[in-house]
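Content type mmCIF, C-alpha atoms and all ligand atoms, from the file input_1.cif:
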```cif
data_run
#
loop_
_atom_site.label_atom_id
_atom_site.label_comp_id
_atom_site.auth_asym_id
_atom_site.auth_seq_id
_atom_site.Cartn_x
_atom_site.Cartn_y
_atom_site.Cartn_z
CA MET A 1 -215.24 34.19 -118.20
CA SER A 2 -218.69 32.68 -117.88
CA ASP A 3 -219.18 29.81 -115.48
CA ALA A 4 -222.00 27.29 -115.87
CA ARG A 5 -221.31 25.94 -112.38
CA ALA A 6 -222.02 29.37 -110.87
CA ALA A 7 -225.46 29.19 -112.46
CA ALA A 8 -225.95 25.63 -111.16
CA ARG A 9 -225.05 26.86 -107.66
CA ALA A 10 -227.58 29.68 -108.04
CA VAL A 11 -230.29 27.21 -109.09
CA ASP A 12 -229.56 25.13 -105.97
CA ALA A 13 -229.64 28.23 -103.78
CA LEU A 14 -233.00 29.31 -105.17
CA ARG A 15 -234.48 25.87 -104.50
CA ARG A 16 -233.23 26.01 -100.93
CA GLY A 17 -234.65 29.47 -100.28
CA TRP A 18 -231.35 31.35 -100.21
CA PRO A 19 -230.80 34.76 -101.79
CA ILE A 20 -228.65 35.07 -104.89
CA ARG A 21 -227.01 38.01 -106.61
CA VAL A 22 -227.60 38.18 -110.36
CA GLY A 23 -225.37 40.51 -112.38
CA ASP A 24 -222.42 42.73 -111.58
CA GLY A 25 -222.26 45.87 -109.47
CA GLY A 26 -224.93 48.47 -110.12
CA ALA A 27 -226.44 46.37 -112.91
CA GLY A 28 -227.15 43.54 -110.49
CA LEU A 29 -230.13 42.43 -108.41
CA THR A 30 -230.15 40.47 -105.15
CA VAL A 31 -233.19 38.20 -105.19
CA LEU A 32 -234.98 35.60 -103.10
CA ALA A 33 -237.47 33.32 -104.87
CA VAL A 34 -240.99 33.95 -103.55
CA GLU A 35 -241.82 30.26 -103.82
CA SER A 36 -238.99 29.06 -101.57
CA ALA A 37 -239.06 31.96 -99.08
CA ASP A 38 -240.43 31.66 -95.56
CA ASP A 39 -241.23 34.26 -92.90
CA VAL A 40 -237.84 34.00 -91.20
CA ARG A 41 -235.84 34.37 -94.40
CA LEU A 42 -238.10 37.17 -95.53
CA ALA A 43 -237.61 39.10 -92.30
CA SER A 44 -233.82 38.98 -92.66
CA PHE A 45 -233.99 39.75 -96.38
CA ALA A 46 -236.08 42.93 -95.97
CA PRO A 47 -237.06 43.28 -99.63
CA HIS A 48 -237.89 46.65 -101.13
CA SER A 49 -239.49 45.36 -104.32
CA LEU A 50 -240.84 42.36 -106.22
CA LEU A 51 -239.70 41.14 -109.62
CA LEU A 52 -242.37 39.58 -111.82
CA SER A 53 -242.46 38.13 -115.32
CA GLY A 54 -244.07 40.08 -118.14
CA GLY A 55 -246.73 37.37 -118.47
CA ARG A 56 -247.75 37.69 -114.85
CA ALA A 57 -247.63 41.49 -115.00
CA ALA A 58 -250.06 41.43 -117.91
CA THR A 59 -252.57 39.40 -115.90
CA LEU A 60 -252.19 41.81 -112.99
CA LYS A 61 -252.97 44.65 -115.40
CA LEU A 62 -249.57 46.20 -114.84
CA ALA A 63 -249.10 46.72 -118.56
CA ASN A 64 -250.29 50.32 -118.38
CA GLN A 65 -247.61 51.05 -115.79
CA ARG A 66 -244.74 49.60 -117.78
CA ASP A 67 -242.45 51.28 -120.29
CA ALA A 68 -244.07 51.20 -123.68
CA GLY A 69 -242.61 48.80 -126.20
CA HIS A 70 -241.31 46.09 -123.90
CA GLY A 71 -244.11 43.57 -124.38
CA ASP A 72 -243.10 40.64 -122.19
CA ALA A 73 -240.20 42.24 -120.31
CA PRO A 74 -239.93 41.65 -116.54
CA VAL A 75 -241.61 44.13 -114.23
CA LEU A 76 -240.47 45.48 -110.86
CA ILE A 77 -243.09 46.59 -108.34
CA ALA A 78 -242.63 48.38 -105.03
CA ARG A 79 -243.14 46.30 -101.94
CA ALA A 80 -246.12 47.99 -100.34
CA PRO A 81 -246.80 47.20 -96.65
CA TRP A 82 -249.63 44.79 -97.55
CA ILE A 83 -247.19 42.58 -99.48
CA ASP A 84 -246.22 40.07 -96.77
CA LEU A 85 -245.28 36.49 -97.69
CA ALA A 86 -248.89 35.44 -98.32
CA GLY A 87 -249.45 38.63 -100.31
CA ALA A 88 -246.37 37.98 -102.43
CA VAL A 89 -247.42 34.39 -103.06
CA ALA A 90 -250.84 35.60 -104.18
CA ILE A 91 -249.19 38.08 -106.53
CA SER A 92 -246.84 35.43 -107.92
CA ASP A 93 -249.07 32.39 -108.35
CA PRO A 94 -251.87 32.67 -110.94
CA THR A 95 -253.46 29.43 -109.77
CA LEU A 96 -254.54 31.31 -106.64
CA ASP A 97 -256.26 34.12 -108.54
CA LEU A 98 -259.76 32.74 -108.00
CA ALA A 99 -259.12 32.53 -104.26
CA THR A 100 -257.61 36.03 -104.04
CA PRO A 101 -259.04 37.93 -106.99
CA LEU A 102 -258.48 41.42 -105.65
CA LYS A 103 -254.89 42.48 -105.15
CA GLY A 104 -253.21 45.84 -105.18
CA PRO A 105 -252.72 48.68 -105.59
CA PHE A 106 -249.41 48.09 -107.35
CA GLU A 107 -246.71 50.60 -108.11
CA ALA A 108 -244.41 49.64 -110.97
CA LEU A 109 -240.82 50.86 -110.60
CA PRO A 110 -238.31 51.56 -113.35
CA LEU A 111 -236.31 48.41 -114.07
CA VAL A 112 -232.79 49.52 -114.87
CA ASN A 113 -231.19 46.08 -114.78
CA ARG A 114 -233.34 44.25 -117.29
CA GLU A 115 -230.62 41.78 -118.30
CA ALA A 116 -230.13 40.65 -114.71
CA ALA A 117 -233.89 40.43 -114.22
CA THR A 118 -234.30 38.27 -117.32
CA ALA A 119 -231.47 36.00 -116.16
CA ALA A 120 -233.11 35.66 -112.72
CA LEU A 121 -236.40 34.61 -114.30
CA GLU A 122 -234.55 32.07 -116.44
CA LEU A 123 -232.92 30.63 -113.30
CA ALA A 124 -236.38 30.25 -111.76
CA ARG A 125 -237.49 28.27 -114.82
CA ILE A 126 -234.42 26.03 -114.61
CA ALA A 127 -235.10 25.52 -110.88
CA GLY A 128 -238.73 24.62 -111.61
CA LEU A 129 -239.98 27.52 -109.48
CA LEU A 130 -242.54 30.23 -110.15
CA PRO A 131 -240.74 33.13 -111.86
CA ALA A 132 -241.21 35.69 -109.08
CA PHE A 133 -238.69 37.19 -106.67
CA PHE A 134 -238.32 39.44 -103.70
CA VAL A 135 -235.60 41.99 -104.44
CA GLY A 136 -233.53 43.33 -101.55
CA GLU A 137 -230.08 43.63 -100.06
CA ALA A 138 -228.53 40.66 -98.29
CA GLU A 139 -225.43 38.49 -98.31
CA PRO A 140 -226.06 36.22 -101.33
CA ALA A 141 -225.49 32.46 -101.18
CA ALA A 142 -224.46 32.52 -104.85
CA ILE A 143 -223.32 35.14 -107.32
CA VAL A 144 -224.12 34.66 -110.98
CA THR A 145 -224.01 36.69 -114.19
CA PRO A 146 -226.34 36.55 -117.18
CA ALA A 147 -223.41 35.06 -119.13
CA ASP A 148 -223.18 32.26 -116.55
CA VAL A 149 -226.86 31.50 -117.12
CA SER A 150 -226.26 31.30 -120.89
CA ALA A 151 -223.27 29.04 -120.26
CA HIS A 152 -225.49 26.79 -118.12
CA GLU A 153 -227.81 26.35 -121.10
CA ALA A 154 -225.05 25.89 -123.70
CA VAL A 155 -224.92 22.39 -125.16
CA GLU A 156 -221.25 22.02 -126.07
CA SER A 157 -220.43 20.32 -122.78
CA LEU A 158 -223.11 17.65 -123.25
CA ALA A 159 -221.27 14.34 -123.62
CA ILE A 160 -221.93 10.63 -123.78
CA VAL A 161 -221.39 9.10 -120.34
CA THR A 162 -222.12 5.43 -120.90
CA ARG A 163 -224.09 3.04 -123.07
CA ALA A 164 -225.58 -0.41 -122.65
CA ARG A 165 -227.60 -3.03 -124.49
CA LEU A 166 -231.29 -2.56 -123.65
CA PRO A 167 -233.81 -4.90 -125.23
CA VAL A 168 -237.25 -3.22 -125.01
CA ALA A 169 -240.75 -4.49 -125.70
CA ALA A 170 -240.90 -2.65 -129.03
CA ALA A 171 -237.48 -3.77 -130.25
CA GLU A 172 -235.23 -6.46 -128.81
CA ILE A 173 -232.13 -5.08 -130.50
CA SER A 174 -231.71 -1.73 -128.79
CA GLU A 175 -229.00 0.20 -127.03
CA ILE A 176 -229.40 2.98 -124.48
CA VAL A 177 -226.94 5.87 -124.44
CA ALA A 178 -226.79 8.34 -121.52
CA PHE A 179 -225.74 11.99 -121.81
CA ARG A 180 -224.77 14.58 -119.21
CA ARG A 181 -223.44 18.09 -118.83
CA PRO A 182 -220.96 18.34 -115.94
CA HIS A 183 -222.91 21.08 -114.17
CA ASP A 184 -226.42 19.83 -114.85
CA ALA A 185 -228.51 17.26 -112.96
CA ALA A 186 -230.54 16.41 -116.07
CA GLU A 187 -229.58 13.08 -117.66
CA HIS A 188 -230.86 12.79 -121.21
CA VAL A 189 -230.95 9.41 -122.92
CA ALA A 190 -231.12 8.05 -126.44
CA LEU A 191 -232.51 4.66 -127.33
CA ILE A 192 -230.93 3.41 -130.51
CA VAL A 193 -233.30 0.88 -131.99
CA GLY A 194 -232.09 -1.72 -134.47
CA ARG A 195 -228.81 -1.47 -136.36
CA PRO A 196 -227.72 1.43 -138.59
CA ASP A 197 -228.20 0.45 -142.23
CA GLY A 198 -226.72 3.49 -143.93
CA THR A 199 -230.06 5.30 -144.30
CA PRO A 200 -231.02 8.38 -142.24
CA PRO A 201 -232.54 7.16 -138.95
CA LEU A 202 -236.18 7.69 -138.06
CA VAL A 203 -235.89 9.91 -134.98
CA ARG A 204 -238.37 10.89 -132.28
CA LEU A 205 -237.70 13.76 -129.84
CA HIS A 206 -239.72 12.88 -126.79
CA SER A 207 -239.88 15.42 -123.97
CA GLU A 208 -240.31 13.98 -120.50
CA CYS A 209 -243.89 13.80 -119.24
CA LEU A 210 -244.14 12.03 -115.91
CA THR A 211 -247.92 12.18 -115.91
CA GLY A 212 -248.30 10.82 -119.45
CA ASP A 213 -245.28 8.52 -119.74
CA VAL A 214 -245.55 6.85 -116.34
CA LEU A 215 -249.08 7.37 -115.02
CA GLY A 216 -250.99 7.05 -118.28
CA SER A 217 -252.48 10.55 -118.09
CA LEU A 218 -255.26 11.18 -120.58
CA ARG A 219 -254.73 14.96 -120.47
CA CYS A 220 -252.01 14.78 -123.11
CA ASP A 221 -250.90 12.42 -125.86
CA CYS A 222 -247.39 11.69 -124.55
CA GLY A 223 -247.88 8.10 -123.40
CA PRO A 224 -249.38 6.85 -126.67
CA GLN A 225 -246.88 8.99 -128.65
CA LEU A 226 -243.99 7.35 -126.82
CA SER A 227 -245.17 3.80 -127.47
CA GLY A 228 -246.30 4.72 -131.00
CA ALA A 229 -242.90 6.21 -131.78
CA LEU A 230 -241.06 3.14 -130.50
CA ARG A 231 -243.32 0.92 -132.63
CA ALA A 232 -242.76 3.11 -135.70
CA ILE A 233 -238.99 3.16 -135.23
CA GLY A 234 -238.93 -0.60 -134.63
CA GLY A 235 -241.00 -1.08 -137.78
CA ALA A 236 -238.67 1.12 -139.83
CA GLY A 237 -235.78 -1.21 -138.98
CA TRP A 238 -233.62 1.33 -137.26
CA GLY A 239 -233.87 4.73 -135.60
CA ILE A 240 -233.37 6.73 -132.45
CA LEU A 241 -235.65 7.87 -129.66
CA LEU A 242 -234.28 10.82 -127.70
CA TYR A 243 -235.79 11.04 -124.24
CA LEU A 244 -235.24 14.66 -123.28
CA ARG A 245 -235.52 15.74 -119.64
CA GLN A 246 -237.59 18.80 -120.48
CA GLU A 247 -240.68 18.05 -118.42
CA GLY A 248 -243.67 20.28 -119.09
CA ARG A 249 -242.20 21.81 -122.26
CA GLY A 250 -239.26 22.97 -120.18
CA ILE A 251 -241.03 24.49 -117.14
CA GLY A 252 -240.73 21.44 -114.88
CA LEU A 253 -243.29 19.10 -113.35
CA VAL A 254 -244.64 21.39 -110.64
CA ASN A 255 -245.15 24.31 -112.99
CA LYS A 256 -246.81 21.98 -115.52
CA LEU A 257 -249.26 20.88 -112.83
CA ARG A 258 -249.94 24.57 -112.15
CA ALA A 259 -250.61 24.95 -115.87
CA TYR A 260 -253.09 22.08 -115.58
CA ARG A 261 -254.92 23.95 -112.80
CA LEU A 262 -255.13 26.99 -115.06
CA GLN A 263 -256.41 24.81 -117.91
CA ASP A 264 -259.12 23.55 -115.57
CA GLN A 265 -260.10 27.22 -115.17
CA GLY A 266 -260.46 27.59 -118.94
CA PHE A 267 -257.08 28.72 -120.28
CA ASP A 268 -255.47 26.69 -123.03
CA THR A 269 -252.09 25.01 -122.64
CA TYR A 270 -250.15 27.94 -124.13
CA ASP A 271 -251.99 30.74 -122.32
CA ALA A 272 -251.51 28.80 -119.09
CA ASN A 273 -247.73 28.84 -119.61
CA VAL A 274 -247.73 32.56 -120.35
CA ARG A 275 -249.90 33.39 -117.35
CA LEU A 276 -247.42 31.52 -115.17
CA GLY A 277 -244.71 33.75 -116.63
CA PHE A 278 -243.07 31.40 -119.12
CA ALA A 279 -242.78 31.13 -122.88
CA MET A 280 -245.47 29.08 -124.62
CA ASP A 281 -242.80 26.44 -125.23
CA ALA A 282 -239.64 26.77 -123.10
CA ARG A 283 -237.79 23.78 -124.55
CA ASP A 284 -234.34 24.00 -126.09
CA PHE A 285 -233.96 21.55 -128.94
CA ARG A 286 -230.26 22.32 -129.33
CA VAL A 287 -229.86 19.57 -126.73
CA ALA A 288 -231.39 17.10 -129.16
CA ALA A 289 -229.23 18.31 -132.04
CA ARG A 290 -226.12 17.89 -129.90
CA MET A 291 -227.15 14.33 -128.95
CA LEU A 292 -227.66 13.42 -132.61
CA THR A 293 -224.28 14.90 -133.49
CA LEU A 294 -222.60 12.91 -130.71
CA LEU A 295 -224.28 9.80 -132.12
CA GLY A 296 -222.88 10.66 -135.56
CA GLN A 297 -226.28 11.31 -137.14
CA SER A 298 -226.58 14.62 -138.95
CA ARG A 299 -229.27 13.48 -141.45
CA ILE A 300 -232.55 12.23 -140.08
CA ARG A 301 -236.22 11.61 -140.70
CA LEU A 302 -238.18 13.21 -137.85
CA LEU A 303 -241.33 11.78 -136.30
CA THR A 304 -243.34 14.82 -135.22
CA ASN A 305 -246.35 16.97 -135.88
CA ASN A 306 -244.59 20.04 -134.52
CA PRO A 307 -243.02 22.29 -137.18
CA ALA A 308 -241.01 24.11 -134.49
CA LYS A 309 -239.04 20.91 -133.79
CA VAL A 310 -238.10 20.64 -137.47
CA ASP A 311 -237.06 24.31 -137.57
CA ALA A 312 -235.06 24.10 -134.35
CA LEU A 313 -233.12 21.02 -135.45
CA ARG A 314 -232.39 22.55 -138.85
CA ALA A 315 -231.21 25.77 -137.20
CA ALA A 316 -228.86 23.64 -135.10
CA GLY A 317 -227.34 22.02 -138.19
CA ILE A 318 -229.29 18.75 -138.47
CA ALA A 319 -230.58 17.95 -141.96
CA VAL A 320 -234.19 16.91 -141.45
CA GLN A 321 -234.89 15.15 -144.72
CA GLU A 322 -238.48 14.28 -143.98
CA ARG A 323 -241.15 14.99 -141.37
CA VAL A 324 -243.11 11.86 -140.54
CA PRO A 325 -246.42 12.58 -138.74
CA LEU A 326 -247.25 10.83 -135.47
CA ALA A 327 -251.01 10.82 -135.11
CA ILE A 328 -252.68 9.68 -131.91
CA PRO A 329 -256.49 9.43 -131.65
CA ALA A 330 -257.96 12.03 -129.30
CA ASN A 331 -259.83 11.14 -126.11
CA PRO A 332 -262.45 13.21 -124.24
CA HIS A 333 -259.78 14.58 -121.87
CA ASN A 334 -257.18 15.71 -124.39
CA HIS A 335 -259.10 16.90 -127.45
CA ALA A 336 -258.93 20.57 -126.38
CA TYR A 337 -255.15 20.20 -125.79
CA LEU A 338 -254.67 18.65 -129.23
CA ASP A 339 -256.83 21.38 -130.82
CA ALA A 340 -254.69 24.05 -129.12
CA LYS A 341 -251.51 22.46 -130.50
CA ARG A 342 -253.01 22.51 -134.00
CA ASP A 343 -254.56 25.98 -133.84
CA ARG A 344 -251.91 27.88 -131.90
CA THR A 345 -248.61 26.32 -132.86
CA GLY A 346 -249.45 24.84 -136.24
CA HIS A 347 -249.13 21.16 -135.40
CA GLN A 348 -249.79 19.15 -138.54
CA LEU A 349 -250.74 15.58 -139.24
N1 LIG B 1 -246.39 23.27 -119.81
C1 LIG B 1 -247.12 22.23 -120.25
N2 LIG B 1 -246.49 21.16 -120.73
C2 LIG B 1 -247.25 20.16 -121.20
C3 LIG B 1 -248.65 20.19 -121.17
N3 LIG B 1 -249.11 19.02 -121.69
C4 LIG B 1 -248.01 18.30 -122.02
N4 LIG B 1 -246.89 18.97 -121.74
C5 LIG B 1 -245.49 18.63 -121.99
O1 LIG B 1 -245.27 18.72 -123.38
C6 LIG B 1 -244.21 17.86 -123.72
C7 LIG B 1 -244.66 16.93 -124.83
O2 LIG B 1 -244.52 17.54 -126.02
P1 LIG B 1 -244.23 16.62 -127.31
O3 LIG B 1 -244.81 15.27 -127.19
O4 LIG B 1 -242.78 16.76 -127.63
O5 LIG B 1 -245.16 17.28 -128.32
P2 LIG B 1 -245.16 18.45 -129.28
O6 LIG B 1 -244.17 19.51 -129.07
O7 LIG B 1 -246.55 18.84 -129.20
O8 LIG B 1 -244.81 17.83 -130.69
P3 LIG B 1 -245.03 16.41 -131.34
O9 LIG B 1 -245.62 15.49 -130.34
O10 LIG B 1 -243.65 16.01 -131.75
O11 LIG B 1 -245.90 16.65 -132.49
C8 LIG B 1 -243.85 17.08 -122.48
O12 LIG B 1 -242.70 17.67 -121.88
C9 LIG B 1 -245.08 17.26 -121.61
O13 LIG B 1 -244.76 17.18 -120.22
C10 LIG B 1 -249.27 21.34 -120.66
O14 LIG B 1 -250.49 21.49 -120.63
N5 LIG B 1 -248.47 22.34 -120.21
ZN ZN B 2 -247.79 14.58 -121.56
#
```
Mind turning the file's structure into structure tokens?
Ligand SMILES: Nc1nc2c(ncn2[C@@H]2O[C@H](COP(=O)(O)OP(=O)(O)OP(=O)(O)O)[C@@H](O)[C@H]2O)c(=O)[nH]1
Ligand SMILES: [Zn+2]
Amino acid sequence: MSDARAAARAVDALRRGWPIRVGDGGAGLTVLAVESADDVRLASFAPHSLLLSGGRAATLKLANQRDAGHGDAPVLIARAPWIDLAGAVAISDPTLDLATPLKGPFEALPLVNREAATAALELARIAGLLPAFFVGEAEPAAIVTPADVSAHEAVESLAIVTRARLPVAAAEISEIVAFRRPHDAAEHVALIVGRPDGTPPLVRLHSECLTGDVLGSLRCDCGPQLSGALRAIGGAGWGILLYLRQEGRGIGLVNKLRAYRLQDQGFDTYDANVRLGFAMDARDFRVAARMLTLLGQSRIRLLTNNPAKVDALRAAGIAVQERVPLAIPANPHNHAYLDAKRDRTGHQL
């Protein structure tokens, strides 16, 4: 039986710098996140190897040491004597590459427990940590299976918790609805604007962006997209804005800021994600589909330029009857970001 709470406990343990065991018996790995380790914990953990993401391994030129045919699979390397905590951090964090350009030599080891390794990297993403681990033998603070990690990400347990009237600047007649999963700290919300009139609602999926939504960052288009979407939905008479707690396209605030540092070194927004060891877009739009279903809306018009959002909602059973573009004028700070969205992931206007 899979247990989402076991995965939640593992996420907490990783954030607190405690070792966890991922997987059963011989197919398991005991890991300590490099980012939350310190010298004392490391000394008692006595790791024999390091687990890295495929994206990071590619940057470290470990590709030639890996099994052929496993493109972005995780990579295990031996812990050579030079790999102390600072050495491991330098191996794990691509934003430090300019400061410590020369690292190695590395020795890639066979990775027999790929499923456990992949689940560990997914837990790091959920925890908002760099996807890099010491691997060793120690009493784990949490034990988790890959199935538990999948259960943590499943959307069936997402439920409406409460709702309230919420007049907003863009629409005085609005209601906010809050959603939770029992095991998950993330609280997603929907703003229902206007009153249902029998037509499919105009819907916007907005992924959290602290820098853009709150601070007015000019690096992205999130702030103007949020206000533009609310205006458009208000103007349409009725619709729904889903505010999804998927900061940084699902990699978390801190990792997004790391991606910004990499973009300042010349990598585009997608390559930055991959170099950190994540997917180009790590969001899960099944959450949005579940929210719409709970709100009784299975037919919608979707405000987006991103064809992947349309595909993901359709795959999750939502009938997207129309894609409505949401164009925001570029500024000198975000034009390269907007170009990357168009050229690399087919964003359309
Ligand atoms: N990892 C990462 N996330 C970013 C970056 N810039 C913005 N984001 C995040 O991207 C998300 C915003 O994406 P959306 O506004 O949904 O945009 P989109 O997927 O491009 O699609 P549409 O706006 O619907 O066309 C937010 O979670 C931001 O925090 C970046 O450079 N790196
Ligand atoms: Zn943003």
Closest atom pairs, chain A residues within 8 Å of ligand LIG 1 (chain B), all atoms listed in the file, as a tab-separated table:
```
residue	atom	partner	partner_atom	distance
A:Arg204	CA	B:LIG1	O10	7.4
A:Leu205	CA	B:LIG1	O4	6.3
A:His206	CA	B:LIG1	O4	5.0
A:Ser207	CA	B:LIG1	O12	4.2
A:Glu208	CA	B:LIG1	O12	4.6
A:Cys209	CA	B:LIG1	O13	3.6
A:Leu210	CA	B:LIG1	O13	6.7
A:Thr211	CA	B:LIG1	O13	7.3
A:Gly212	CA	B:LIG1	O13	7.3
A:Arg219	CA	B:LIG1	N3	7.0
A:Cys220	CA	B:LIG1	N3	5.3
A:Asp221	CA	B:LIG1	O3	6.9
A:Cys222	CA	B:LIG1	O3	5.1
A:Gln225	CA	B:LIG1	O3	6.8
A:Leu226	CA	B:LIG1	O3	8.0
A:Arg245	CA	B:LIG1	O12	7.8
A:Gln246	CA	B:LIG1	O12	5.4
A:Glu247	CA	B:LIG1	O12	4.0
A:Gly248	CA	B:LIG1	N2	3.4
A:Arg249	CA	B:LIG1	O12	4.2
A:Gly250	CA	B:LIG1	O12	6.5
A:Ile251	CA	B:LIG1	N1	6.1
A:Gly252	CA	B:LIG1	N1	7.7
A:Leu253	CA	B:LIG1	O13	7.3
A:Asn255	CA	B:LIG1	N1	7.0
A:Lys256	CA	B:LIG1	N1	4.5
A:Leu257	CA	B:LIG1	N5	7.6
A:Ala259	CA	B:LIG1	N5	5.5
A:Tyr260	CA	B:LIG1	O14	5.7
A:Gln263	CA	B:LIG1	O14	7.3
A:Asp268	CA	B:LIG1	O14	7.6
A:Thr269	CA	B:LIG1	O14	4.4
A:Tyr270	CA	B:LIG1	N5	7.0
A:Ala272	CA	B:LIG1	N5	7.2
A:Asn273	CA	B:LIG1	N1	5.7
A:Met280	CA	B:LIG1	N1	7.6
A:Asp281	CA	B:LIG1	N1	7.2
A:Leu303	CA	B:LIG1	O10	6.6
A:Thr304	CA	B:LIG1	O10	3.7
A:Asn305	CA	B:LIG1	O11	3.4
A:Asn306	CA	B:LIG1	O11	4.2
A:Pro307	CA	B:LIG1	O11	7.9
A:Ala308	CA	B:LIG1	O6	7.8
A:Lys309	CA	B:LIG1	O10	7.0
A:Pro325	CA	B:LIG1	O11	7.5
A:Leu326	CA	B:LIG1	O11	6.7
A:Tyr337	CA	B:LIG1	O14	7.1
A:Lys341	CA	B:LIG1	O7	6.3
A:His347	CA	B:LIG1	O11	6.3
A:Gln348	CA	B:LIG1	O11	7.6
```
Check your understanding: A:Arg344, A:Arg9, A:His152, A:Arg16: which is nearest A:Glu122, counting only C-alpha atoms?
Key ->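 Ranked by minimum distance to A:Glu122, first place goes to A:His152.
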Practice item. Write out as JSON, numbers by chain each polymer residue whose atoms come within 12 Å of A:Val203, counting only C-alpha atoms; drop sequence neighbours fewer than 6 positions from it. Key: {"A": [190, 191, 192, 193, 226, 229, 230, 231, 232, 233, 234, 236, 237, 238, 239, 240, 241, 242, 243, 288, 289, 291, 292, 295, 297, 298, 299, 300, 301, 302, 303, 304, 309, 310, 313, 318, 319, 320, 321, 322, 323, 324, 325, 326]}
Practice item. Rank A:Leu338, A:Leu130, A:Ala78, A:Ala164 by their smallest atom-to-atom distance to A:Glu35, using all atoms listed in the file, and report the top residue only. Key: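 That would be A:Leu130, the residue with the smallest distance to A:Glu35.
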Determine, using all atoms listed in the file, which residues of stretch 223-314 of chain A have any atom at most 8 Å from an atom of stretch 45-63 of chain A, and tabulate each with its shortest atom pair and distance in Å to one decimal place, rows ordered by chain and then rising number, as a Markdown table.
```
| residue | atom | partner | partner_atom | distance |
| --- | --- | --- | --- | --- |
| A:Val274 | CA | A:Gly55 | CA | 5.3 |
| A:Arg275 | CA | A:Gly55 | CA | 5.2 |
| A:Leu276 | CA | A:Arg56 | CA | 6.2 |
| A:Gly277 | CA | A:Gly55 | CA | 4.5 |
| A:Phe278 | CA | A:Gly55 | CA | 7.0 |
```
Exercise for review: Work out how far atom CA of A:Ala73 is from atom CA of A:Leu85, in Å to one decimal.
Suggested key: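 Separating atom CA of A:Leu85 from atom CA of A:Ala73 is a distance of 23.9 Å.
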Review point. Between atom CA of A:Leu14 and atom CA of A:Phe179, what is the distance, to one decimal in Å?
Key: 25.1 Å
Review point. Suppose you want the space between atom CA of A:Arg258 and atom CA of A:Pro94; what is it in Å?
Key: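 If I compute the distance from atom CA of A:Arg258 to atom CA of A:Pro94, I get 8.4 Å.
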Find the residues around A:Leu102 up to 10 Å (only C-alpha atoms counted), leave out those fewer than 5 positions away in its own chain, and share them as a compact mmCIF listing (two decimals) with C-alpha atoms, in the coordinates of the input.
```
# COMPACT_ATOMS: atom_id res chain seq x y z
CA LEU A 60 -252.19 41.81 -112.99
CA ALA A 90 -250.84 35.60 -104.18
CA ILE A 91 -249.19 38.08 -106.53
CA ASP A 97 -256.26 34.12 -108.54
```
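Nearest-residue note for ligand ZN 2 (chain B): choosing from A:Ile173, A:Ala147, A:Val214, A:Ala88, the minimum distance belongs to A:Val214, counting only C-alpha atoms and all ligand atoms.
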Exercise: A:Ala4 partners within 7 Å, only C-alpha atoms, chain neighbours under 2 positions left out, as a short mmCIF file (atom, residue, chain, number, x, y, z; two decimals) with C-alpha atoms, in the coordinates of the input:
```
data_model
loop_
_atom_site.label_atom_id
_atom_site.label_comp_id
_atom_site.auth_asym_id
_atom_site.auth_seq_id
_atom_site.Cartn_x
_atom_site.Cartn_y
_atom_site.Cartn_z
CA SER A 2 -218.69 32.68 -117.88
CA ALA A 6 -222.02 29.37 -110.87
CA ALA A 7 -225.46 29.19 -112.46
CA ALA A 8 -225.95 25.63 -111.16
CA ASP A 148 -223.18 32.26 -116.55
CA VAL A 149 -226.86 31.50 -117.12
CA ALA A 151 -223.27 29.04 -120.26
CA HIS A 152 -225.49 26.79 -118.12
CA HIS A 183 -222.91 21.08 -114.17
#
```
Point to revise | Selected residue, from A:Pro329, A:Asp271, A:Leu42, A:Asp213, that lies nearest to ligand ZN 2 (chain B) when counting all atoms listed in the file | key: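 So, comparing all the options, the nearest one is A:Asp213.
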Check your understanding: Using only C-alpha atoms, which of A:His333, A:Arg195, A:Arg283, A:His188 sits nearest A:Glu172?
Key ->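 Smallest distance to A:Glu172 is found for A:Arg195.
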Review point. Out of A:Ala282, A:Met1, A:Ala315, A:Val254, which residue has the shortest atom-to-atom distance to A:Gly128 when counting all atoms listed in the file?
Key: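 Smallest distance to A:Gly128 is found for A:Val254.
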Point to revise | A:Leu166 surroundings by all atoms listed in the file, 7 Å radius, close-in-sequence under 4 positions cut, as a ChimeraX atom specification | key: /A:174-176
Practice item. Show which residues sit within 8 Å of A:Val155, as a ChimeraX atom specification. Count all atoms listed in the file, and ignore same-chain residues fewer than 5 positions away. Key: /A:181,286-287,290
Kindly export the residues of the current selection with C-alpha atoms, as a compact mmCIF listing (two decimals), keeping the file's coordinate frame.
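Done, and the output landed in out01.txt:
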```
# COMPACT_ATOMS: atom_id res chain seq x y z
CA ARG A 181 -223.44 18.09 -118.83
CA ARG A 286 -230.26 22.32 -129.33
CA VAL A 287 -229.86 19.57 -126.73
CA ARG A 290 -226.12 17.89 -129.90
```
